[in-house]
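Quick look at final.json (JSON, C-alpha atoms):
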```
[["chain", "number", "residue", "atom", "x", "y", "z"],
["A", 18, "MET", "CA", 15.17, 30.02, 60.56],
["A", 19, "ALA", "CA", 16.64, 27.61, 58.03],
["A", 20, "ILE", "CA", 18.70, 24.58, 58.98],
["A", 21, "THR", "CA", 21.61, 23.65, 56.74],
["A", 22, "VAL", "CA", 23.43, 20.35, 56.98],
["A", 23, "ASN", "CA", 26.78, 19.82, 55.29],
["A", 24, "LEU", "CA", 27.36, 16.13, 54.64],
["A", 25, "TYR", "CA", 30.83, 15.05, 53.55],
["A", 26, "TYR", "CA", 30.63, 11.70, 51.77],
["A", 27, "ALA", "CA", 33.99, 9.92, 51.58],
["A", 28, "GLY", "CA", 34.81, 6.76, 49.69],
["A", 29, "GLU", "CA", 37.49, 5.21, 47.52],
["A", 30, "ASN", "CA", 38.19, 5.03, 43.79],
["A", 31, "GLY", "CA", 35.64, 7.69, 42.87],
["A", 32, "SER", "CA", 32.75, 6.08, 44.75],
["A", 33, "ALA", "CA", 31.57, 9.33, 46.36],
["A", 34, "ARG", "CA", 31.31, 11.03, 42.99],
["A", 35, "ALA", "CA", 29.57, 7.97, 41.48],
["A", 36, "PHE", "CA", 27.07, 8.10, 44.36],
["A", 37, "ALA", "CA", 26.28, 11.77, 43.69],
["A", 38, "GLU", "CA", 25.97, 11.13, 39.95],
["A", 39, "GLU", "CA", 23.54, 8.26, 40.55],
["A", 40, "MET", "CA", 21.54, 10.36, 43.00],
["A", 41, "ILE", "CA", 21.16, 12.96, 40.26],
["A", 42, "SER", "CA", 20.62, 10.64, 37.27],
["A", 43, "SER", "CA", 18.07, 8.46, 39.08],
["A", 44, "GLY", "CA", 15.88, 11.48, 39.90],
["A", 45, "VAL", "CA", 16.31, 11.22, 43.67],
["A", 46, "VAL", "CA", 17.81, 14.71, 43.88],
["A", 47, "ARG", "CA", 15.00, 16.15, 41.76],
["A", 48, "ASP", "CA", 12.42, 14.52, 44.04],
["A", 49, "ILE", "CA", 14.12, 15.78, 47.20],
["A", 50, "LYS", "CA", 14.26, 19.32, 45.83],
["A", 51, "ALA", "CA", 10.50, 19.08, 45.26],
["A", 52, "GLU", "CA", 9.79, 18.11, 48.88],
["A", 53, "ALA", "CA", 7.97, 20.66, 51.04],
["A", 54, "GLY", "CA", 10.44, 22.73, 53.00],
["A", 55, "ASN", "CA", 13.55, 21.92, 50.95],
["A", 56, "LEU", "CA", 15.63, 25.02, 50.24],
["A", 57, "ARG", "CA", 18.75, 23.47, 48.74],
["A", 58, "TYR", "CA", 20.19, 20.07, 47.87],
["A", 59, "ASP", "CA", 23.43, 20.43, 45.91],
["A", 60, "TYR", "CA", 26.65, 18.44, 45.58],
["A", 61, "PHE", "CA", 30.18, 19.88, 45.41],
["A", 62, "GLN", "CA", 33.66, 18.41, 45.27],
["A", 63, "PRO", "CA", 36.57, 19.86, 47.26],
["A", 64, "LEU", "CA", 39.43, 20.78, 44.94],
["A", 65, "ASP", "CA", 41.98, 19.14, 47.20],
["A", 66, "ASP", "CA", 40.10, 15.88, 47.87],
["A", 67, "PRO", "CA", 38.80, 13.90, 44.87],
["A", 68, "GLU", "CA", 37.49, 11.13, 47.14],
["A", 69, "THR", "CA", 35.03, 13.39, 49.00],
["A", 70, "ILE", "CA", 31.75, 14.93, 47.90],
["A", 71, "LEU", "CA", 30.05, 17.68, 49.90],
["A", 72, "LEU", "CA", 26.27, 17.82, 50.00],
["A", 73, "ILE", "CA", 24.75, 21.12, 51.12],
["A", 74, "ASP", "CA", 21.28, 20.19, 52.31],
["A", 75, "SER", "CA", 19.07, 23.04, 53.56],
["A", 76, "TRP", "CA", 15.55, 22.97, 54.98],
["A", 77, "GLU", "CA", 13.02, 25.51, 56.28],
["A", 78, "ASP", "CA", 12.88, 23.92, 59.73],
["A", 79, "GLN", "CA", 13.29, 20.72, 61.73],
["A", 80, "ALA", "CA", 9.78, 19.55, 60.82],
["A", 81, "ALA", "CA", 10.74, 19.57, 57.12],
["A", 82, "ILE", "CA", 13.89, 17.55, 57.90],
["A", 83, "ASP", "CA", 11.87, 15.07, 59.96],
["A", 84, "ALA", "CA", 9.37, 14.63, 57.11],
["A", 85, "HIS", "CA", 12.25, 14.05, 54.67],
["A", 86, "HIS", "CA", 13.83, 11.48, 57.00],
["A", 87, "ALA", "CA", 10.48, 9.66, 57.22],
["A", 88, "SER", "CA", 10.02, 9.61, 53.43],
["A", 89, "PRO", "CA", 10.66, 6.59, 51.20],
["A", 90, "MET", "CA", 13.51, 8.52, 49.57],
["A", 91, "MET", "CA", 15.59, 8.12, 52.72],
["A", 92, "GLY", "CA", 15.59, 4.36, 52.14],
["A", 93, "ARG", "CA", 16.84, 4.88, 48.58],
["A", 94, "ILE", "CA", 19.58, 7.23, 49.79],
["A", 95, "MET", "CA", 20.71, 4.72, 52.39],
["A", 96, "GLU", "CA", 20.77, 1.93, 49.79],
["A", 97, "LEU", "CA", 23.04, 4.03, 47.57],
["A", 98, "ARG", "CA", 25.30, 4.99, 50.49],
["A", 99, "ASN", "CA", 25.76, 1.29, 51.21],
["A", 100, "LYS", "CA", 26.21, 0.41, 47.52],
["A", 101, "TYR", "CA", 29.11, 2.86, 47.28],
["A", 102, "ASP", "CA", 30.45, 2.10, 50.80],
["A", 103, "LEU", "CA", 30.48, 5.74, 51.85],
["A", 104, "HIS", "CA", 31.36, 7.18, 55.23],
["A", 105, "MET", "CA", 30.11, 10.55, 56.40],
["A", 106, "GLN", "CA", 31.00, 13.57, 58.46],
["A", 107, "VAL", "CA", 28.20, 15.99, 59.28],
["A", 108, "GLU", "CA", 28.04, 19.67, 60.19],
["A", 109, "ARG", "CA", 24.74, 21.33, 61.12],
["A", 110, "PHE", "CA", 24.02, 25.08, 61.04],
["A", 111, "VAL", "CA", 21.05, 27.24, 61.95],
["A", 112, "SER", "CA", 20.78, 30.36, 59.81],
["A", 113, "ASP", "CA", 21.48, 33.81, 61.11],
["A", 114, "ASP", "CA", 19.89, 36.12, 58.57],
["A", 115, "SER", "CA", 21.50, 39.21, 60.04],
["A", 116, "MET", "CA", 24.84, 40.41, 58.75],
["A", 117, "PRO", "CA", 26.82, 43.13, 60.48],
["A", 118, "GLU", "CA", 27.31, 46.22, 58.36],
["A", 119, "SER", "CA", 31.07, 45.82, 58.86],
["A", 120, "ASP", "CA", 30.98, 42.55, 56.86],
["A", 121, "HIS", "CA", 29.40, 44.13, 53.78],
["A", 122, "GLN", "CA", 32.69, 45.73, 52.71],
["A", 123, "PHE", "CA", 34.11, 42.24, 52.07],
["A", 124, "ILE", "CA", 31.30, 41.05, 49.82],
["A", 125, "ARG", "CA", 31.43, 41.79, 46.12],
["A", 126, "LYS", "CA", 28.09, 41.53, 44.35]]
```
Re-express the file's structure as structure tokens.
Amino acid sequence: MAITVNLYYAGENGSARAFAEEMISSGVVRDIKAEAGNLRYDYFQPLDDPETILLIDSWEDQAAIDAHHASPMMGRIMELRNKYDLHMQVERFVSDDSMPESDHQFIRK
């Protein structure tokens, strides 16, 4: 059962995008992706909102999230959030690996 957290980072004057770019260029994203239990850590930008960046952050379980939150990288992330004066909205999802057969007709592979 994976846990996925969608974090919407919002700022002004491109600060959310600059934050994501620094997270990537500084190697923080690479290091997070290498953490035990990390399944996904990717940034996206909504087409209709250039001041928001979406992070899709997925982990094997709560224990993996707790270990990540206790890691030194969390301090670095928080420093960068403050540097870019970002505000966040969070959505949390627990995976449901089953898909009804009726949904398959709408998925093109």
Determine, counting all atoms listed in the file, which protein, DNA and RNA residues have an atom within 8 Å of an atom of Asn23 (chain A); residues of the same chain fewer than 2 positions away are not included. Present the result as a PyMOL selection string.
chain A and resi 21+25+71-74+107-109
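Taking CA of Gly44 (chain A) and CA of Asp83 (chain A) as endpoints, the distance between them is 20.8 Å.
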Distance CA of Gly31 (chain A)-CA of Met90 (chain A), one decimal place?
23.1 Å
Counting only C-alpha atoms, select every polymer residue within 6 Å of (33.0, 10.8, 54.8) as defined in the file's coordinates, and provide the selection as a PyMOL selection string.
chain A and resi 25-27+104-106
Same residues, C-alpha atoms, saved as a compact mmCIF listing (two decimals), keeping the file's coordinate frame:
```
# COMPACT_ATOMS: atom_id res chain seq x y z
CA TYR A 25 30.83 15.05 53.55
CA TYR A 26 30.63 11.70 51.77
CA ALA A 27 33.99 9.92 51.58
CA HIS A 104 31.36 7.18 55.23
CA MET A 105 30.11 10.55 56.40
CA GLN A 106 31.00 13.57 58.46
```
Compile the contact shell of Ser32 (chain A) as a list of chain:residue names: residues with an atom at most 12 Å away, counting all atoms listed in the file, same-chain residues fewer than 5 positions apart removed.
A:Tyr26, A:Ala27, A:Ala37, A:Glu38, A:Glu39, A:Pro67, A:Glu68, A:Thr69, A:Ile70, A:Leu97, A:Arg98, A:Asn99, A:Lys100, A:Tyr101, A:Asp102, A:Leu103, A:His104
Give me a file of those residues, with C-alpha atoms, as a tab-separated table (two decimals), in the coordinates of the input.
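So the final result, stored in part_11.tsv, reads:
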```
chain	number	residue	atom	x	y	z
A	26	TYR	CA	30.63	11.70	51.77
A	27	ALA	CA	33.99	9.92	51.58
A	37	ALA	CA	26.28	11.77	43.69
A	38	GLU	CA	25.97	11.13	39.95
A	39	GLU	CA	23.54	8.26	40.55
A	67	PRO	CA	38.80	13.90	44.87
A	68	GLU	CA	37.49	11.13	47.14
A	69	THR	CA	35.03	13.39	49.00
A	70	ILE	CA	31.75	14.93	47.90
A	97	LEU	CA	23.04	4.03	47.57
A	98	ARG	CA	25.30	4.99	50.49
A	99	ASN	CA	25.76	1.29	51.21
A	100	LYS	CA	26.21	0.41	47.52
A	101	TYR	CA	29.11	2.86	47.28
A	102	ASP	CA	30.45	2.10	50.80
A	103	LEU	CA	30.48	5.74	51.85
A	104	HIS	CA	31.36	7.18	55.23
```
Could you jot down the CA of Gly28 (chain A) to CA of Ala51 (chain A) separation for me, Å, one decimal place?
27.6 Å
